[in-house]
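See below for start19.cif, which holds mmCIF, C-alpha atoms.
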data_entry
loop_
_atom_site.label_atom_id
_atom_site.label_comp_id
_atom_site.auth_asym_id
_atom_site.auth_seq_id
_atom_site.Cartn_x
_atom_site.Cartn_y
_atom_site.Cartn_z
CA LEU A 602 -6.49 42.31 9.03
CA GLU A 603 -8.29 41.20 12.19
CA MET A 604 -11.16 43.37 13.41
CA GLU A 605 -12.16 43.88 17.06
CA ASP A 606 -14.96 41.32 16.74
CA GLY A 607 -12.49 38.71 15.41
CA THR A 608 -13.53 39.07 11.77
CA LEU A 609 -10.66 38.45 9.36
CA LEU A 610 -10.35 40.68 6.31
CA ALA A 611 -8.06 40.38 3.33
CA ARG A 612 -7.00 43.47 1.42
CA ASP A 613 -6.23 44.12 -2.21
CA PHE A 614 -5.08 47.52 -3.35
CA VAL A 615 -4.10 49.19 -6.60
CA PRO A 616 -1.89 52.30 -6.63
CA ILE A 617 -3.25 55.30 -8.53
CA TYR A 618 -0.87 57.42 -10.65
CA VAL A 619 -1.66 60.54 -12.63
CA ASP A 620 1.08 61.59 -15.04
CA ASN A 621 3.48 59.33 -13.15
CA ASP A 622 2.55 61.13 -9.93
CA TYR A 623 1.30 58.87 -7.14
CA ARG A 624 -2.09 60.13 -5.93
CA GLY A 625 -3.09 57.29 -3.59
CA HIS A 626 -4.52 53.85 -3.98
CA LEU A 627 -7.76 52.02 -4.40
CA GLY A 628 -8.35 49.39 -1.73
CA ASN A 629 -10.71 46.45 -1.54
CA TYR A 630 -11.41 44.58 1.69
CA TYR A 631 -13.26 41.28 1.88
CA ASP A 632 -14.23 38.80 4.59
CA ILE A 633 -12.10 35.62 4.56
CA ASN A 634 -13.53 33.97 7.68
CA GLU A 635 -15.34 31.28 5.71
CA ARG A 636 -12.29 30.53 3.60
CA LYS A 637 -10.15 30.41 6.76
CA LYS A 638 -12.58 27.92 8.33
CA ILE A 639 -12.41 25.70 5.26
CA THR A 640 -8.61 25.89 5.14
CA ASP A 641 -8.35 25.04 8.84
CA ALA A 642 -10.82 22.15 8.44
CA VAL A 643 -8.78 20.71 5.57
CA ALA A 644 -5.56 21.07 7.56
CA ASN A 645 -7.15 19.39 10.61
CA SER A 646 -8.51 16.58 8.44
CA GLU A 647 -5.10 15.96 6.87
CA ALA A 648 -3.46 15.98 10.29
CA LYS A 649 -6.02 13.48 11.59
CA TYR A 650 -5.55 11.05 8.70
CA LYS A 651 -1.76 11.33 8.89
CA LEU A 652 -1.99 10.50 12.60
CA ILE A 653 -4.10 7.43 11.81
CA MET A 654 -1.73 6.26 9.05
CA ASN A 655 1.30 6.85 11.25
CA SER A 656 -0.27 4.66 13.93
CA ALA A 657 -1.17 1.81 11.55
CA LEU A 658 0.24 -1.69 12.05
CA ASP A 659 0.75 -2.05 8.29
CA ALA A 660 3.25 -0.14 6.19
CA ILE A 661 1.46 2.64 4.32
CA LEU A 662 3.01 4.67 1.53
CA ILE A 663 1.73 7.11 -1.08
CA ALA A 664 3.28 7.73 -4.48
CA ASP A 665 2.42 10.33 -7.10
CA ASP A 666 1.77 9.79 -10.80
CA ASN A 667 5.52 9.80 -11.44
CA GLY A 668 5.97 6.89 -9.05
CA LYS A 669 7.73 9.12 -6.51
CA ILE A 670 7.08 8.52 -2.82
CA THR A 671 5.25 11.37 -1.05
CA PHE A 672 4.29 9.63 2.21
CA TRP A 673 6.04 6.92 4.25
CA ASN A 674 4.73 5.92 7.67
CA PRO A 675 6.75 4.60 10.67
CA LYS A 676 5.80 0.97 9.94
CA SER A 677 7.30 1.38 6.47
CA GLU A 678 10.51 2.51 8.14
CA GLU A 679 10.45 -0.59 10.37
CA ILE A 680 9.79 -3.06 7.54
CA PHE A 681 12.10 -1.63 4.87
CA GLY A 682 14.77 0.06 7.01
CA TRP A 683 14.53 3.40 5.18
CA LYS A 684 13.79 6.58 7.13
CA GLN A 685 11.08 8.84 5.76
CA GLU A 686 13.52 11.62 4.89
CA GLU A 687 15.57 9.10 2.87
CA VAL A 688 12.75 7.98 0.58
CA ILE A 689 10.55 11.04 0.02
CA GLY A 690 10.93 11.99 -3.63
CA LYS A 691 12.48 8.68 -4.62
CA LYS A 692 10.79 6.30 -7.05
CA LEU A 693 9.25 3.07 -5.79
CA GLU A 694 11.58 0.86 -7.82
CA GLU A 695 14.58 2.53 -6.19
CA VAL A 696 13.38 1.65 -2.69
CA LEU A 697 11.37 -1.56 -2.41
CA ILE A 698 11.26 -3.45 -5.72
CA PRO A 699 13.95 -6.10 -6.40
CA GLU A 700 15.97 -5.50 -9.56
CA GLN A 701 14.56 -8.54 -11.37
CA PHE A 702 11.02 -7.13 -11.10
CA ARG A 703 11.69 -3.44 -11.78
CA SER A 704 11.15 -3.43 -15.54
CA ALA A 705 7.81 -5.25 -15.13
CA HIS A 706 6.74 -2.68 -12.51
CA ILE A 707 7.72 0.27 -14.71
CA ASN A 708 5.93 -1.19 -17.75
CA GLY A 709 2.79 -1.91 -15.74
CA PHE A 710 2.84 1.55 -14.15
CA ASN A 711 3.18 3.30 -17.52
CA ARG A 712 0.48 1.10 -19.06
CA PHE A 713 -1.96 2.09 -16.31
CA LEU A 714 -1.25 5.80 -16.78
CA LYS A 715 -2.13 5.43 -20.48
CA THR A 716 -5.13 3.09 -20.22
CA ARG A 717 -6.39 3.50 -16.62
CA GLU A 718 -6.96 -0.25 -16.69
CA GLU A 719 -6.79 -1.50 -13.09
CA ARG A 720 -5.34 -4.98 -13.62
CA VAL A 721 -3.65 -5.38 -10.24
CA LEU A 722 -5.04 -2.42 -8.29
CA ARG A 723 -7.52 -2.89 -5.41
CA ARG A 724 -6.39 -6.53 -5.00
CA MET A 725 -4.38 -8.35 -2.35
CA LEU A 726 -1.15 -9.54 -3.94
CA GLU A 727 1.72 -11.66 -2.64
CA LEU A 728 5.00 -10.28 -3.95
CA THR A 729 8.70 -10.12 -3.16
CA ALA A 730 10.14 -6.86 -1.80
CA ILE A 731 13.62 -5.72 -0.86
CA ASN A 732 14.79 -3.77 2.17
CA LYS A 733 17.56 -1.22 2.63
CA ASN A 734 20.09 -3.99 3.32
CA GLY A 735 19.30 -5.67 0.00
CA GLU A 736 17.44 -8.57 1.65
CA GLN A 737 14.42 -9.90 -0.24
CA PHE A 738 11.32 -11.02 1.65
CA PRO A 739 7.64 -11.83 0.95
CA ILE A 740 4.93 -9.19 1.39
CA GLU A 741 1.21 -8.76 0.97
CA LEU A 742 0.43 -5.63 -1.04
CA SER A 743 -2.76 -3.80 -1.87
CA VAL A 744 -2.70 -0.58 -3.92
CA THR A 745 -5.59 1.85 -4.22
CA PRO A 746 -5.60 4.68 -6.79
CA ILE A 747 -6.63 8.10 -5.46
CA TYR A 748 -8.20 10.38 -8.05
CA PHE A 749 -8.36 14.10 -7.24
CA GLU A 750 -9.29 16.64 -9.88
CA ASP A 751 -6.76 16.11 -12.70
CA THR A 752 -4.21 14.24 -10.59
CA ILE A 753 -3.80 10.66 -9.47
CA SER A 754 -1.76 9.15 -6.67
CA PHE A 755 -1.41 5.64 -5.30
CA CYS A 756 -1.79 4.47 -1.71
CA GLY A 757 -0.11 1.17 -0.88
CA PHE A 758 -0.78 -1.03 2.15
CA ILE A 759 2.02 -3.51 2.85
CA ARG A 760 2.43 -6.34 5.35
CA ASP A 761 5.58 -8.38 5.93
CA ILE A 762 4.52 -12.05 5.74
CA SER A 763 7.96 -13.60 6.26
CA ILE A 764 6.99 -15.35 9.50
CA ARG A 765 3.72 -16.64 8.08
CA LYS A 766 5.50 -18.05 5.03
CA LYS A 767 8.08 -19.79 7.22
CA VAL A 768 5.30 -21.41 9.25
CA GLU A 769 3.41 -22.45 6.10
CA ASN A 770 6.55 -23.95 4.58
CA ALA A 771 7.37 -25.78 7.81
CA LEU A 772 3.84 -27.21 8.02
CA GLN A 773 3.95 -28.29 4.38
CA ALA A 774 7.32 -29.99 4.85
CA SER A 775 6.06 -31.70 7.99
CA ASP A 776 2.88 -32.83 6.23
CA GLU A 777 4.83 -34.23 3.30
CA LYS A 778 7.23 -36.00 5.66
CA TYR A 779 4.51 -37.79 7.62
CA ARG A 780 2.48 -38.58 4.52
CA SER A 781 5.57 -40.29 3.11
CA ILE A 782 6.04 -42.27 6.32
CA ILE A 783 2.37 -43.29 6.44
CA ALA A 784 2.26 -44.18 2.75
CA ASN A 785 5.25 -46.51 3.05
CA MET A 786 4.64 -48.07 6.46
CA ASN A 787 3.99 -51.84 6.59
CA LEU A 788 0.77 -51.38 8.59
CA GLY A 789 -2.38 -50.88 6.57
CA LEU A 790 -3.99 -47.54 7.36
CA LEU A 791 -7.51 -46.40 6.49
CA GLU A 792 -9.14 -43.01 7.20
CA VAL A 793 -12.94 -42.68 7.10
CA ASP A 794 -15.31 -39.81 7.86
CA LEU A 795 -18.43 -39.85 10.08
CA GLU A 796 -20.45 -41.35 7.23
CA ASP A 797 -17.96 -44.22 6.89
CA LYS A 798 -16.72 -42.85 3.57
CA ILE A 799 -13.05 -43.56 2.88
CA LYS A 800 -10.98 -40.36 2.84
CA TYR A 801 -7.51 -41.89 2.69
CA CYS A 802 -5.69 -45.22 2.61
CA ASN A 803 -2.03 -46.08 2.28
CA GLN A 804 -0.25 -48.50 -0.04
CA SER A 805 -0.12 -51.27 2.57
CA PHE A 806 -3.90 -51.22 2.91
CA THR A 807 -4.35 -51.63 -0.86
CA LYS A 808 -2.01 -54.63 -0.80
CA LEU A 809 -3.90 -56.20 2.10
CA SER A 810 -7.36 -55.50 0.66
CA GLY A 811 -6.59 -56.12 -3.00
CA TYR A 812 -8.14 -52.78 -4.04
CA GLU A 813 -6.39 -50.09 -6.03
CA LEU A 814 -6.21 -46.51 -4.70
CA ASN A 815 -8.60 -45.20 -7.36
CA GLU A 816 -11.20 -47.80 -6.34
#
If you took the structure in this file and wrote it as structure tokens, what would it be?
Amino acid sequence: LEMEDGTLLARDFVPIYVDNDYRGHLGNYYDINERKKITDAVANSEAKYKLIMNSALDAILIADDNGKITFWNPKSEEIFGWKQEEVIGKKLEEVLIPEQFRSAHINGFNRFLKTREERVLRRMLELTAINKNGEQFPIELSVTPIYFEDTISFCGFIRDISIRKKVENALQASDEKYRSIIANMNLGLLEVDLEDKIKYCNQSFTKLSGYELNE
């Protein structure tokens, strides 16, 4: 009930019977304004954090202690191709873990629930994930456990690092290519730092100087 001054009251009542004859009821009214304020504050806080997570540049997901997805932000949809309504209630291994890694994930998940030993939690890991189309790709993953009363859930932060890995692999291949060319060229090559300490020399230089590489 809402009073004229805006006060909110909740009502409990118990019917009164005498010899199976209804004689009225006993009512109890109490102020619920404080409880309403707390409930509204919690709802506003949840809405605020959901807005932040939905605006994040990283994929963010939350799973319960059964491994079932309870939250899936728009970036997760973009990276994995699954819409939120398609994944809520599904287990993680059904959505983003390649088949060859699923048993290891399930074993590790169950071991944590029994021991609470955080072997891979709160760390940045490089793993392989799978999208809706069945394509595997590299990701960075960090998982944080969320303890609340007697329950536990898991919040995962995921970044697609496919482009970065392609660049790293290209740079490594290029470096290996030119190192091979330099090592086998007929011209002696010597690299020194600002203190005139030798940092690198190729095979031709060792032949010309008579020194071995380890010298």
Determine, counting only C-alpha atoms, which protein, DNA and RNA residues have an atom within 10 Å of an atom of region 739-749 of chain A; residues of the same chain fewer than 2 positions away are not included. Present the result as a PyMOL selection string. chain A and resi 659-666+680+717+719+721-731+737+751-766
Quick one, how far is CA of Ala774 (chain A) from CA of Asn803 (chain A)?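 These atoms are spaced 18.8 Å apart.
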Can you tell me how far CA of Phe710 (chain A) sits from CA of Gly668 (chain A), in Å to one decimal?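 Atom-to-atom, CA of Phe710 (chain A) and CA of Gly668 (chain A) are spaced 8.0 Å apart.
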Calculate how many Å separate CA of Lys733 (chain A) from CA of Trp683 (chain A), rounding to one decimal. 6.1 Å
Check which residues satisfy the PyMOL selection byres ((chain A and resi 686-690) around 6) in the file shown, then give them as a PDB file with C-alpha atoms, in the coordinates of the input.
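In the end it all went to expr-v8.pdb:
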ATOM      1  CA  LYS A 669       7.730   9.120  -6.510  1.00  0.00           C
ATOM      2  CA  ILE A 670       7.080   8.520  -2.820  1.00  0.00           C
ATOM      3  CA  THR A 671       5.250  11.370  -1.050  1.00  0.00           C
ATOM      4  CA  LYS A 684      13.790   6.580   7.130  1.00  0.00           C
ATOM      5  CA  GLN A 685      11.080   8.840   5.760  1.00  0.00           C
ATOM      6  CA  LYS A 691      12.480   8.680  -4.620  1.00  0.00           C
TER       7      LYS A 691
END
Minimum-distance residue to Glu695 (chain A), chosen among A:Glu678, A:Gly735, A:Lys767, A:Tyr623 (using only C-alpha atoms):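 So, comparing all the options, the nearest one is A:Gly735.
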Please return the centre and edge lengths, in Å to one decimal, of a box with edges along x, y and z that contains all listed atoms of region 681-685 of chain A, widened by 6 Å on every side, as AutoDock Vina command-line options.
--center_x 12.9 --center_y 3.6 --center_z 6.0 --size_x 15.7 --size_y 22.5 --size_z 14.3
